[in-house]
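Here is the structure we will look at, set down as structure tokens.
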Amino acid sequence: MQHGKFVISLDFELLWGVRDKKSIADYGENIRAVHEVVPRLLDTFDKYAVSATFSTVGFLFFESKEELLRSIPEKLPTYKHAELSPYNGHFRLLGTRYPEDPYHFASHLIEKIKSRPQHEIGTHTFSHYYCLEEGQTTEQFRADIEQAIKIAARKGVTITSLVFPRNQFNDEYLEVCRQLGIICYRGNEHSWLYEARNKDDEQLHRRALRLIDAYFNISGHHTYPDAYLRSKFPVDIPSSRFLRPYNAALSFLEPLKISRITRAMTHAAIHHHTFHLWWHPHNFGDHTDENFRCLEKILQHYRHLHDKYAFQSYTMSGLARKLMYDVK
């Protein structure tokens with residue numbers, strides 16, 4: 001029997017995804033809170049019988065700075081904007097290990113996720129690698145992903161799914177993923193608003209329209225039939241909606257944000273499509289209770305759709321395997 005699919009992926013990166021000198025001063029509270037947010041997310045997912053993919057930066061697997069420094073790939077990204085590379089000075093910010101440094105180490109959280117086998121640990125690349133930035137090369141990307149797979153395997157995790165940082169990817173890099181055993185990735189919404197672009201090519205008006213689109217449906221539901229998902233390999237499981245964090249200044253729009261998501265979920269359930277929701281754990285680091293209230297409303301709607309339409313929750317790799325091997 002056909003049914004709709006519900007996918008959640010989380011970009012698990014701590015401070016590795018925010019690289020500038022003001023990062024800790026400006027965003028440190030959000031990052032520190034991740035160490036409480038992730039266990040609460042796991043409990044919330046359990047409550048609603050939902051599976052999730054935690055797409056994890058490879059650096060987070062390490063227990064200490066010493067261990068990390070011993071595992072740097074031979075080929076490093078040569079970005080035009082050198083500040084994008086964590087290898088160019090960011091390591092000076094590292095403490096020796098967690099809990100001294102809660103911004104860069106999370107092996108204990110990875111162990112908590114591993115203890116809930118309904119969830120998946122995927123990769124967010126080894127170093128939060130930017131695939132469309134000028135200067136870096138395909139071979140540098142390959143070295144990065146090989147190292148991400150290697151450190152995960154050392155910790156007992158098999159990597160088969162990938163979320164590209166800043167959603168930057170191209171076909172050449174997808175072929176590298178296929179060769180390295182990646183069976184699925186999170187693509188972008190099928191709208192010009194969400195096309196992958198590098199830092200220099202991003203435009204302010206696109207960002208403004210994406211903000212509006214979070215509350216008002218200007219680009220569509222972004223749900224995907226099985227036929228599309230089966231048409232590519234690695235399997236493209238595109239994003240449907242980014243769960244924007246609670247914003248006190250826009251709190252009056254929260255009902256619209258939730259409705260935008262739940263209406264698309266309903267569309268997916270009725271039409272046997274896939275709906276893919278994503279965010280970062282650090283997005284819940286501020287206004288944590290408000291963000292969890294929003295999430296619970298969404299997951300309550302999932303349970304309603306599960307009971308009424310057999311809407312099913314999958315990890316990214318779980319859905320990819322179903323699509324690959326459950327062909328009618």
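Identifiers in this document derive from the order of the structure tokens: chains are assigned A, B, ..., residues are numbered from 1 separately in each chain, and ligands are numbered from 1 in order of occurrence.
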
TODO: Pick out the residues sitting within 9 Å of Tyr194 (chain A), and hand them over as a PyMOL selection string; count only C-alpha atoms, and ignore anything fewer than 3 positions along from it in its own chain.
DONE: chain A and resi 167+188-191+197+206+210

Between region 159-272 of chain A and region 123-127 of chain A, at 10 Å or less, what are the per-residue closest atom pairs and their distances in Å? Count only C-alpha atoms, order by chain and rising residue number, and return it as a tab-separated table.
```
residue	atom	partner	partner_atom	distance
A:Ile159	CA	A:Thr123	CA	6.5
A:Thr160	CA	A:Thr123	CA	8.0
A:Ser161	CA	A:Thr123	CA	6.3
A:Leu162	CA	A:Thr123	CA	4.8
A:Val163	CA	A:His124	CA	5.1
A:Phe164	CA	A:His124	CA	5.9
A:Pro165	CA	A:His124	CA	6.4
A:Arg166	CA	A:His124	CA	10.0
A:Ile182	CA	A:Thr123	CA	9.5
A:Tyr185	CA	A:Thr123	CA	9.5
```

TODO: Would you mind writing down, as a PyMOL selection string, each residue of region 41-144 of chain A that DSSP on the backbone assigns to strand (DSSP E)?
DONE: chain A and resi 53-56+120-123

TODO: Using only C-alpha atoms, find the one residue out of A:Ala106, A:Leu94, A:Cys294, A:Ala49 that sits nearest to Lys65 (chain A).
DONE: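 Checking each candidate against Lys65 (chain A), we get A:Leu94 as the closest.
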
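For the set A:Gln140, A:Ser107, A:Thr223, A:Ser115, the residue with the smallest atom-to-atom gap to His271 (chain A) is A:Thr223, counting only C-alpha atoms.
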
Compile a residue-level contact table for region 273-296 of chain A against region 248-263 of chain A at a cut-off of 9 Å, reporting for every qualifying residue the shortest atom pair and its distance in Å to one decimal, with only C-alpha atoms counted, rows ordered by chain and ascending number, as a tab-separated table.
```
residue	atom	partner	partner_atom	distance
A:Leu277	CA	A:Ile261	CA	8.5
A:His287	CA	A:Ala248	CA	8.5
A:Cys294	CA	A:Ile258	CA	7.0
A:Leu295	CA	A:Ile258	CA	8.7
```

TODO: Would you kindly return, as a ChimeraX atom specification, each protein, DNA or RNA residue with an atom no farther than 8 Å from any atom of region 142-146 of chain A, considering only C-alpha atoms and excluding same-chain residues fewer than 4 positions away?
DONE: /A:73-76,125-127,129,138,150,176-177,180

Can I get the selected residues back with N, CA and C atoms, as an mmCIF file, in the first residue's frame?
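And here is the file that came out, again.cif:
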```cif
data_model
loop_
_atom_site.group_PDB
_atom_site.id
_atom_site.type_symbol
_atom_site.label_atom_id
_atom_site.label_comp_id
_atom_site.auth_asym_id
_atom_site.auth_seq_id
_atom_site.Cartn_x
_atom_site.Cartn_y
_atom_site.Cartn_z
ATOM 1 N N PRO A 73 42.867 15.544 7.021
ATOM 2 C CA PRO A 73 43.174 14.982 5.697
ATOM 3 C C PRO A 73 44.420 15.623 5.085
ATOM 4 N N GLU A 74 45.057 14.903 4.168
ATOM 5 C CA GLU A 74 46.227 15.455 3.487
ATOM 6 C C GLU A 74 45.844 16.590 2.542
ATOM 7 N N LYS A 75 44.677 16.490 1.916
ATOM 8 C CA LYS A 75 44.226 17.530 0.991
ATOM 9 C C LYS A 75 43.170 18.384 1.686
ATOM 10 N N LEU A 76 43.469 19.686 1.823
ATOM 11 C CA LEU A 76 42.577 20.599 2.519
ATOM 12 C C LEU A 76 41.942 21.565 1.522
ATOM 13 N N THR A 125 29.597 16.371 6.136
ATOM 14 C CA THR A 125 30.991 16.443 5.716
ATOM 15 C C THR A 125 31.906 16.436 6.945
ATOM 16 N N PHE A 126 33.193 16.269 6.711
ATOM 17 C CA PHE A 126 34.154 16.202 7.811
ATOM 18 C C PHE A 126 34.373 17.575 8.442
ATOM 19 N N SER A 127 34.547 18.596 7.593
ATOM 20 C CA SER A 127 34.967 19.916 8.075
ATOM 21 C C SER A 127 33.932 21.006 7.830
ATOM 22 N N TYR A 129 32.264 21.320 4.809
ATOM 23 C CA TYR A 129 32.882 21.624 3.521
ATOM 24 C C TYR A 129 31.893 22.311 2.585
ATOM 25 N N THR A 138 37.396 18.992 -6.496
ATOM 26 C CA THR A 138 36.717 17.716 -6.302
ATOM 27 C C THR A 138 37.555 16.761 -5.449
ATOM 28 N N LYS A 150 35.651 7.617 7.609
ATOM 29 C CA LYS A 150 36.654 6.891 8.397
ATOM 30 C C LYS A 150 36.480 7.136 9.886
ATOM 31 N N VAL A 176 31.150 11.519 -6.636
ATOM 32 C CA VAL A 176 32.102 11.154 -5.589
ATOM 33 C C VAL A 176 31.374 10.468 -4.436
ATOM 34 N N CYS A 177 30.229 11.027 -4.041
ATOM 35 C CA CYS A 177 29.439 10.423 -2.960
ATOM 36 C C CYS A 177 29.026 9.004 -3.303
ATOM 37 N N LEU A 180 31.732 6.551 -2.856
ATOM 38 C CA LEU A 180 32.130 6.345 -1.470
ATOM 39 C C LEU A 180 31.034 5.700 -0.620
#
```

Task: Shortest interatomic distance to Ile183 (chain A) - which of A:Glu13, A:Asp26, A:Asp171, A:Asp236, counting only C-alpha atoms - done: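 Of A:Glu13, A:Asp26, A:Asp171, A:Asp236, the one nearest Ile183 (chain A), counting only C-alpha atoms, is A:Asp236.
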
Could you give me, as JSON lines, every region 216-288 of chain A residue with an atom at most 12 Å from region 319-322 of chain A, plus its closest atom pair and distance in Å to one decimal, counting only C-alpha atoms, rows ordered by chain then number?
```
{"residue": "A:Asp226", "atom": "CA", "partner": "A:Leu319", "partner_atom": "CA", "distance": 10.1}
{"residue": "A:Tyr228", "atom": "CA", "partner": "A:Ala320", "partner_atom": "CA", "distance": 11.9}
{"residue": "A:Leu229", "atom": "CA", "partner": "A:Ala320", "partner_atom": "CA", "distance": 8.2}
{"residue": "A:Arg230", "atom": "CA", "partner": "A:Ala320", "partner_atom": "CA", "distance": 8.4}
{"residue": "A:Ser231", "atom": "CA", "partner": "A:Ala320", "partner_atom": "CA", "distance": 11.4}
{"residue": "A:Lys232", "atom": "CA", "partner": "A:Ala320", "partner_atom": "CA", "distance": 10.5}
{"residue": "A:Phe233", "atom": "CA", "partner": "A:Ala320", "partner_atom": "CA", "distance": 9.4}
{"residue": "A:Pro234", "atom": "CA", "partner": "A:Ala320", "partner_atom": "CA", "distance": 8.5}
{"residue": "A:Val235", "atom": "CA", "partner": "A:Ala320", "partner_atom": "CA", "distance": 6.1}
{"residue": "A:Asp236", "atom": "CA", "partner": "A:Ala320", "partner_atom": "CA", "distance": 8.6}
{"residue": "A:Ile237", "atom": "CA", "partner": "A:Ala320", "partner_atom": "CA", "distance": 8.1}
{"residue": "A:Pro238", "atom": "CA", "partner": "A:Ala320", "partner_atom": "CA", "distance": 11.9}
{"residue": "A:His273", "atom": "CA", "partner": "A:Leu319", "partner_atom": "CA", "distance": 11.8}
{"residue": "A:Thr274", "atom": "CA", "partner": "A:Leu319", "partner_atom": "CA", "distance": 9.4}
{"residue": "A:Phe275", "atom": "CA", "partner": "A:Leu319", "partner_atom": "CA", "distance": 11.5}
{"residue": "A:His276", "atom": "CA", "partner": "A:Leu319", "partner_atom": "CA", "distance": 11.1}
```
